[in-house]
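run09.cif follows (mmCIF, C-alpha atoms):
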data_final
#
loop_
_atom_site.label_atom_id
_atom_site.label_comp_id
_atom_site.auth_asym_id
_atom_site.auth_seq_id
_atom_site.Cartn_x
_atom_site.Cartn_y
_atom_site.Cartn_z
CA MET A 1 -32.35 -138.29 -208.48
CA ALA A 2 -31.09 -134.74 -208.00
CA SER A 3 -31.45 -134.12 -211.74
CA ILE A 4 -35.04 -135.38 -211.71
CA LEU A 5 -35.95 -133.23 -208.71
CA LEU A 6 -34.34 -130.21 -210.35
CA ALA A 7 -36.28 -130.85 -213.55
CA PHE A 8 -39.53 -131.05 -211.57
CA ALA A 9 -38.66 -127.82 -209.78
CA ILE A 10 -37.92 -126.05 -213.07
CA ASP A 11 -41.18 -127.33 -214.57
CA ALA A 12 -43.13 -126.16 -211.53
CA TRP A 13 -41.41 -122.77 -211.63
CA TRP A 14 -42.15 -122.40 -215.34
CA ALA A 15 -45.78 -123.44 -214.90
CA GLU A 16 -46.18 -120.95 -212.07
CA ARG A 17 -44.62 -118.22 -214.19
CA LEU A 18 -46.97 -118.98 -217.08
CA GLU A 19 -49.94 -118.95 -214.71
CA ARG A 20 -48.96 -115.59 -213.23
CA THR A 21 -48.52 -114.19 -216.74
CA ALA A 22 -52.00 -115.47 -217.63
CA GLU A 23 -53.34 -113.98 -214.40
CA ARG A 24 -51.94 -110.54 -215.26
CA GLU A 25 -53.50 -110.75 -218.70
CA GLU A 26 -56.91 -111.64 -217.25
CA LEU A 27 -56.62 -108.92 -214.60
CA SER A 28 -55.79 -106.41 -217.30
CA ARG A 29 -58.90 -107.44 -219.22
CA LEU A 30 -60.98 -107.20 -216.05
CA TYR A 31 -59.57 -103.74 -215.38
CA ASP A 32 -60.60 -102.57 -218.86
CA GLU A 33 -64.09 -104.02 -218.37
CA PHE A 34 -64.62 -102.27 -215.04
CA LYS A 35 -63.20 -99.02 -216.36
CA LEU A 36 -65.79 -99.17 -219.14
CA ASN A 37 -68.58 -99.71 -216.60
CA HIS A 38 -67.18 -96.97 -214.35
CA ASP A 39 -66.96 -94.45 -217.17
CA ARG A 40 -70.44 -95.25 -218.50
CA LEU A 41 -71.93 -94.89 -215.03
CA SER A 42 -70.12 -91.60 -214.50
CA VAL A 43 -71.87 -90.25 -217.59
CA TRP A 44 -75.26 -91.53 -216.43
CA ILE A 45 -75.17 -89.94 -212.97
CA SER A 46 -73.10 -86.82 -213.68
CA ASP A 47 -74.68 -83.39 -214.17
CA GLY A 48 -76.59 -83.58 -217.43
CA GLY A 49 -76.57 -87.39 -217.50
CA ILE A 50 -79.76 -89.38 -218.05
CA VAL A 51 -80.36 -90.28 -214.39
CA TYR A 52 -79.44 -86.76 -213.27
CA GLN A 53 -81.96 -85.36 -215.78
CA GLN A 54 -84.62 -87.73 -214.49
CA ARG A 55 -84.00 -86.89 -210.85
CA GLU A 56 -84.03 -83.13 -211.39
CA ALA A 57 -87.14 -83.29 -213.59
CA ALA A 58 -89.04 -85.45 -211.10
CA LEU A 59 -88.09 -83.15 -208.21
CA GLN A 60 -89.20 -80.04 -210.12
CA LEU A 61 -92.46 -81.69 -211.17
CA SER A 62 -93.22 -82.83 -207.62
CA GLU A 63 -92.52 -79.37 -206.24
CA THR A 64 -94.52 -77.63 -208.98
CA LEU A 65 -97.58 -79.84 -208.51
CA GLY A 66 -97.35 -79.57 -204.72
CA ALA A 67 -97.26 -75.77 -204.89
CA ALA A 68 -100.13 -75.71 -207.42
CA LEU A 69 -102.30 -77.87 -205.16
CA LYS A 70 -101.56 -75.58 -202.23
CA ASP A 71 -102.48 -72.51 -204.30
CA GLY A 72 -105.64 -74.13 -205.66
CA ALA A 73 -104.51 -74.03 -209.30
CA GLU A 74 -106.44 -76.27 -211.67
CA SER A 75 -103.60 -76.74 -214.17
CA VAL A 76 -99.97 -75.88 -214.82
CA LEU A 77 -97.82 -75.55 -217.91
CA LEU A 78 -95.00 -78.08 -217.75
CA PRO A 79 -92.02 -78.38 -220.10
CA ASP A 80 -92.27 -81.39 -222.40
CA ARG A 81 -88.60 -82.04 -221.64
CA GLN A 82 -89.47 -82.43 -217.97
CA LEU A 83 -92.39 -84.78 -218.62
CA ALA A 84 -90.33 -86.91 -220.99
CA ALA A 85 -87.53 -87.19 -218.44
CA ILE A 86 -89.68 -88.64 -215.68
CA ILE A 87 -91.43 -91.21 -217.89
CA ARG A 88 -88.31 -92.51 -219.61
CA THR A 89 -87.21 -95.80 -218.07
CA PRO A 90 -83.65 -96.70 -219.14
CA THR A 91 -81.85 -99.54 -217.38
CA PHE A 92 -78.11 -99.78 -216.90
CA GLU A 93 -76.69 -102.92 -218.46
CA ALA A 94 -73.21 -103.64 -217.08
CA ARG A 95 -70.57 -105.27 -219.27
CA MET A 96 -69.45 -108.45 -217.51
CA SER A 97 -68.34 -110.74 -220.33
CA VAL A 98 -64.73 -111.08 -219.09
CA PHE A 99 -65.67 -111.96 -215.51
CA ASP A 100 -68.52 -114.24 -216.61
CA GLY A 101 -66.17 -116.01 -219.00
CA LEU A 102 -63.66 -116.64 -216.20
CA VAL A 103 -66.36 -118.05 -213.93
CA GLN A 104 -67.95 -120.26 -216.59
CA SER A 105 -64.61 -121.64 -217.72
CA GLY A 106 -63.38 -122.26 -214.19
CA ARG A 107 -60.36 -120.03 -214.81
CA ILE A 108 -61.46 -117.67 -212.04
CA GLU A 109 -59.17 -119.67 -209.73
CA ILE A 110 -56.19 -118.24 -211.60
CA ILE A 111 -56.72 -114.96 -209.71
CA GLU A 112 -54.71 -115.24 -206.49
CA ASN A 113 -56.04 -112.05 -204.95
CA ARG A 114 -59.39 -113.29 -203.65
CA ARG A 115 -60.34 -109.76 -202.56
CA ILE A 116 -60.83 -108.98 -206.23
CA VAL A 117 -63.18 -111.92 -206.73
CA ARG A 118 -65.13 -111.15 -203.55
CA GLY A 119 -65.30 -107.49 -204.51
CA ILE A 120 -66.73 -108.29 -207.94
CA THR A 121 -69.26 -110.72 -206.45
CA SER A 122 -70.42 -108.06 -203.98
CA TRP A 123 -70.50 -105.49 -206.79
CA GLU A 124 -72.78 -107.75 -208.82
CA GLY A 125 -75.15 -107.95 -205.85
CA VAL A 126 -75.54 -104.17 -205.74
CA LEU A 127 -75.96 -104.17 -209.52
CA ARG A 128 -78.82 -106.68 -209.24
CA SER A 129 -80.48 -104.50 -206.59
CA ALA A 130 -80.22 -101.50 -208.90
CA ASN A 131 -81.69 -103.47 -211.80
CA ASP A 132 -84.57 -104.62 -209.57
CA GLU A 133 -85.27 -101.01 -208.61
CA GLU A 134 -85.17 -99.97 -212.26
CA GLN A 135 -87.71 -102.68 -213.10
CA ARG A 136 -89.97 -101.48 -210.27
CA GLY A 137 -89.70 -97.99 -211.73
CA LEU A 138 -90.62 -99.32 -215.16
CA ARG A 139 -93.74 -101.03 -213.80
CA PHE A 140 -94.70 -97.92 -211.84
CA VAL A 141 -94.44 -95.72 -214.93
CA TYR A 142 -96.53 -98.02 -217.11
CA ASP A 143 -99.06 -99.13 -214.47
CA GLN A 144 -99.56 -95.89 -212.53
CA LEU A 145 -97.86 -92.78 -213.90
CA PHE A 146 -98.94 -93.22 -217.53
CA PRO A 147 -102.63 -93.82 -216.65
CA VAL A 148 -102.76 -90.84 -214.27
CA LEU A 149 -101.14 -88.50 -216.80
CA ALA A 150 -103.20 -89.74 -219.73
CA THR A 151 -106.57 -89.60 -217.94
CA ASP A 152 -106.97 -85.82 -218.06
CA ASN A 153 -104.10 -84.70 -220.30
CA ASP A 154 -103.02 -84.99 -223.90
CA ILE A 155 -99.48 -86.38 -223.72
CA GLN A 156 -99.50 -88.67 -226.73
CA HIS A 157 -97.02 -86.46 -228.57
CA ILE A 158 -94.55 -86.90 -225.72
CA LEU A 159 -95.04 -90.65 -225.47
CA LYS A 160 -94.84 -91.17 -229.21
CA MET A 161 -91.96 -88.88 -230.09
CA TYR A 162 -89.77 -88.61 -227.02
CA ALA A 163 -90.42 -91.12 -224.26
CA ILE A 164 -90.28 -94.42 -226.11
CA ASP A 165 -87.22 -96.10 -227.63
CA ILE A 166 -84.78 -93.29 -226.90
CA ARG A 167 -81.24 -94.42 -226.21
CA PRO A 168 -80.44 -93.58 -222.57
CA GLN A 169 -77.04 -92.10 -223.45
CA ASN A 170 -78.57 -89.43 -225.69
CA PRO A 171 -79.99 -86.13 -224.44
CA ILE A 172 -83.74 -85.72 -224.61
CA PRO A 173 -84.41 -84.15 -228.05
CA ILE A 174 -87.03 -81.64 -227.01
CA ALA A 175 -86.73 -77.89 -227.37
CA PRO A 176 -86.75 -76.21 -223.93
CA GLY A 177 -89.67 -73.95 -224.89
CA GLN A 178 -92.17 -76.73 -225.63
CA VAL A 179 -94.80 -77.00 -222.89
CA THR A 180 -97.99 -78.96 -222.21
CA GLU A 181 -100.89 -77.98 -219.98
CA ILE A 182 -101.34 -80.56 -217.24
CA LYS A 183 -104.34 -80.80 -214.91
CA VAL A 184 -103.36 -80.64 -211.25
CA THR A 185 -104.71 -83.49 -209.11
CA PRO A 186 -103.64 -84.98 -205.77
CA LEU A 187 -103.22 -88.34 -207.51
CA LEU A 188 -100.77 -86.92 -210.01
CA ALA A 189 -98.87 -85.00 -207.33
CA ASN A 190 -98.54 -88.20 -205.31
CA ALA A 191 -97.37 -90.16 -208.37
CA ALA A 192 -94.77 -87.49 -209.15
CA ALA A 193 -93.46 -87.63 -205.57
CA GLN A 194 -93.21 -91.43 -205.76
CA ARG A 195 -91.39 -91.24 -209.07
CA TYR A 196 -88.86 -88.81 -207.59
CA SER A 197 -88.23 -91.16 -204.67
CA GLN A 198 -87.69 -94.06 -207.08
CA ILE A 199 -85.21 -92.17 -209.22
CA GLN A 200 -83.38 -90.95 -206.11
CA VAL A 201 -82.92 -94.56 -204.96
CA ILE A 202 -81.74 -95.63 -208.42
CA HIS A 203 -79.27 -92.72 -208.52
CA SER A 204 -77.90 -93.79 -205.12
CA PHE A 205 -77.51 -97.41 -206.27
CA LEU A 206 -75.74 -96.38 -209.47
CA THR A 207 -73.41 -94.10 -207.51
CA ASP A 208 -72.48 -97.03 -205.26
CA ILE A 209 -71.90 -99.23 -208.32
CA ARG A 210 -69.64 -96.63 -209.91
CA ASP A 211 -67.65 -96.18 -206.71
CA GLY A 212 -67.44 -99.95 -206.29
CA ALA A 213 -66.02 -100.28 -209.79
CA ALA A 214 -63.35 -97.73 -208.89
CA LYS A 215 -62.36 -99.78 -205.80
CA ILE A 216 -62.12 -102.97 -207.86
CA MET A 217 -59.96 -101.17 -210.42
CA SER A 218 -57.65 -99.98 -207.63
CA GLU A 219 -57.36 -103.51 -206.23
CA ILE A 220 -56.58 -104.88 -209.68
CA GLU A 221 -53.91 -102.22 -210.22
CA SER A 222 -52.17 -103.25 -207.01
CA SER A 223 -52.13 -106.89 -208.16
CA ILE A 224 -50.84 -106.44 -211.70
#

What is this file in structure tokens?
Amino acid sequence: MASILLAFAIDAWWAERLERTAEREELSRLYDEFKLNHDRLSVWISDGGIVYQQREAALQLSETLGAALKDGAESVLLPDRQLAAIIRTPTFEARMSVFDGLVQSGRIEIIENRRIVRGITSWEGVLRSANDEEQRGLRFVYDQLFPVLATDNDIQHILKMYAIDIRPQNPIPIAPGQVTEIKVTPLLANAAAQRYSQIQVIHSFLTDIRDGAAKIMSEIESSI
């Protein structure tokens, strides 16, 4: 009887050891996945990143149009780079294949530290909110900003060459000196202000997502 109980104990110990080894391997893969998301987001929201470019361009456009309206100017010369930045609508696609695979296979239970699982679930919620805001921005650009800009201004060269199908990670390929004359209207000034507010919210969401990824990475490190 003692031998049988000992054998069961050894088997249980060995199974537990194998499971903890498997857990460390999965946590290591999760860490790599969240580091990738963290690093990509850092590029997006850092100085010179795509969302940073958008936010700065939208702010400058809003301020320029507001000042022109106040001064009674009929039109302003705006950099094509600035116009392209505010009408581009990239969306951040997080890499979640490792976590999704664990959930779908039921192996998520192998992770003993439930703070990690709860943290990732919460992180996904913020990510969905950011994606929703990005989609609202996309609809705003196509349904409101495009029509207002195109009504009185020739911007086809910007839409055709620079604003469509540009990879978000790449800088906007427009020479700084290229400018387009834009008619100043209250409708356009209002649209520019709304676009700035949208991009500001998206930037805030993406900052929270990046910081959340860093917290998850720290929690994983303490569990490996």

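Here CA of Glu124 (chain A) and CA of Trp44 (chain A) stand 18.1 Å from one another.
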
### Task
Run the PyMOL selection byres ((chain A and resi 176-185) around 6) against the file shown and list the residues it catches, as number ranges by chain.
A: 74-80, 153, 175, 186-188

### Task
Name the residues, using the chain letters and numbers of the file, that sit within 8 Å of (-87.5, -97.5, -210.4) when counting all atoms listed in the file, and give them as an MDAnalysis selection string.
chainID A and resid 89 132:140 195 198:199 201:202

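Atom pair CA of His38 (chain A) / CA of Glu109 (chain A) has a distance of 24.5 Å (rounded to one decimal).
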
### Pick from A:Gly212, A:Arg88, A:Leu83, A:Ala22, whichever lies nearest to Arg118 (chain A) using only C-alpha atoms
A:Gly212

Just the residues within 9 Å of Ala213 (chain A), please, counting only C-alpha atoms, with nothing from its chain fewer than 6 positions along; format it as an mmCIF file with C-alpha atoms, in the frame of the given file.
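Just written: around.cif:
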data_model
loop_
_atom_site.group_PDB
_atom_site.id
_atom_site.type_symbol
_atom_site.label_atom_id
_atom_site.label_comp_id
_atom_site.auth_asym_id
_atom_site.auth_seq_id
_atom_site.Cartn_x
_atom_site.Cartn_y
_atom_site.Cartn_z
ATOM 1 C CA PHE A 34 -64.620 -102.270 -215.040
ATOM 2 C CA LYS A 35 -63.200 -99.020 -216.360
ATOM 3 C CA ASN A 37 -68.580 -99.710 -216.600
ATOM 4 C CA HIS A 38 -67.180 -96.970 -214.350
ATOM 5 C CA GLY A 119 -65.300 -107.490 -204.510
ATOM 6 C CA ILE A 120 -66.730 -108.290 -207.940
ATOM 7 C CA TRP A 123 -70.500 -105.490 -206.790
#

Kindly extract all protein, DNA and RNA residues lying within 12 Å of the coordinates (-91.7, -87.2, -203.9) given in the file, considering only C-alpha atoms, and supply them as a PDB file with C-alpha atoms, in the coordinates of the input.
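Once written, part.pdb looks like this:
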ATOM      1  CA  ARG A  55     -84.000 -86.890-210.850  1.00  0.00           C
ATOM      2  CA  GLU A  56     -84.030 -83.130-211.390  1.00  0.00           C
ATOM      3  CA  ALA A  57     -87.140 -83.290-213.590  1.00  0.00           C
ATOM      4  CA  ALA A  58     -89.040 -85.450-211.100  1.00  0.00           C
ATOM      5  CA  LEU A  59     -88.090 -83.150-208.210  1.00  0.00           C
ATOM      6  CA  GLN A  60     -89.200 -80.040-210.120  1.00  0.00           C
ATOM      7  CA  LEU A  61     -92.460 -81.690-211.170  1.00  0.00           C
ATOM      8  CA  SER A  62     -93.220 -82.830-207.620  1.00  0.00           C
ATOM      9  CA  GLU A  63     -92.520 -79.370-206.240  1.00  0.00           C
ATOM     10  CA  THR A  64     -94.520 -77.630-208.980  1.00  0.00           C
ATOM     11  CA  LEU A  65     -97.580 -79.840-208.510  1.00  0.00           C
ATOM     12  CA  GLY A  66     -97.350 -79.570-204.720  1.00  0.00           C
ATOM     13  CA  LEU A 188    -100.770 -86.920-210.010  1.00  0.00           C
ATOM     14  CA  ALA A 189     -98.870 -85.000-207.330  1.00  0.00           C
ATOM     15  CA  ASN A 190     -98.540 -88.200-205.310  1.00  0.00           C
ATOM     16  CA  ALA A 191     -97.370 -90.160-208.370  1.00  0.00           C
ATOM     17  CA  ALA A 192     -94.770 -87.490-209.150  1.00  0.00           C
ATOM     18  CA  ALA A 193     -93.460 -87.630-205.570  1.00  0.00           C
ATOM     19  CA  GLN A 194     -93.210 -91.430-205.760  1.00  0.00           C
ATOM     20  CA  ARG A 195     -91.390 -91.240-209.070  1.00  0.00           C
ATOM     21  CA  TYR A 196     -88.860 -88.810-207.590  1.00  0.00           C
ATOM     22  CA  SER A 197     -88.230 -91.160-204.670  1.00  0.00           C
ATOM     23  CA  GLN A 198     -87.690 -94.060-207.080  1.00  0.00           C
ATOM     24  CA  ILE A 199     -85.210 -92.170-209.220  1.00  0.00           C
ATOM     25  CA  GLN A 200     -83.380 -90.950-206.110  1.00  0.00           C
ATOM     26  CA  VAL A 201     -82.920 -94.560-204.960  1.00  0.00           C
TER      27      VAL A 201
END

### Query
How far is it from CA of Tyr52 (chain A) to CA of Arg95 (chain A), in Å with one decimal?
21.4 Å

### Reference answer for the PyMOL selection byres ((chain A and resi 27) around 9), as a PyMOL selection string
chain A and resi 22-26+28-32+111+220-221+223-224

### Minimum-distance residue to Ala94 (chain A), chosen among A:Ala150, A:Ala214, A:Leu159, A:Leu127 (using all atoms listed in the file)
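Counting all atoms listed in the file, the residue closest to Ala94 (chain A) is A:Leu127.
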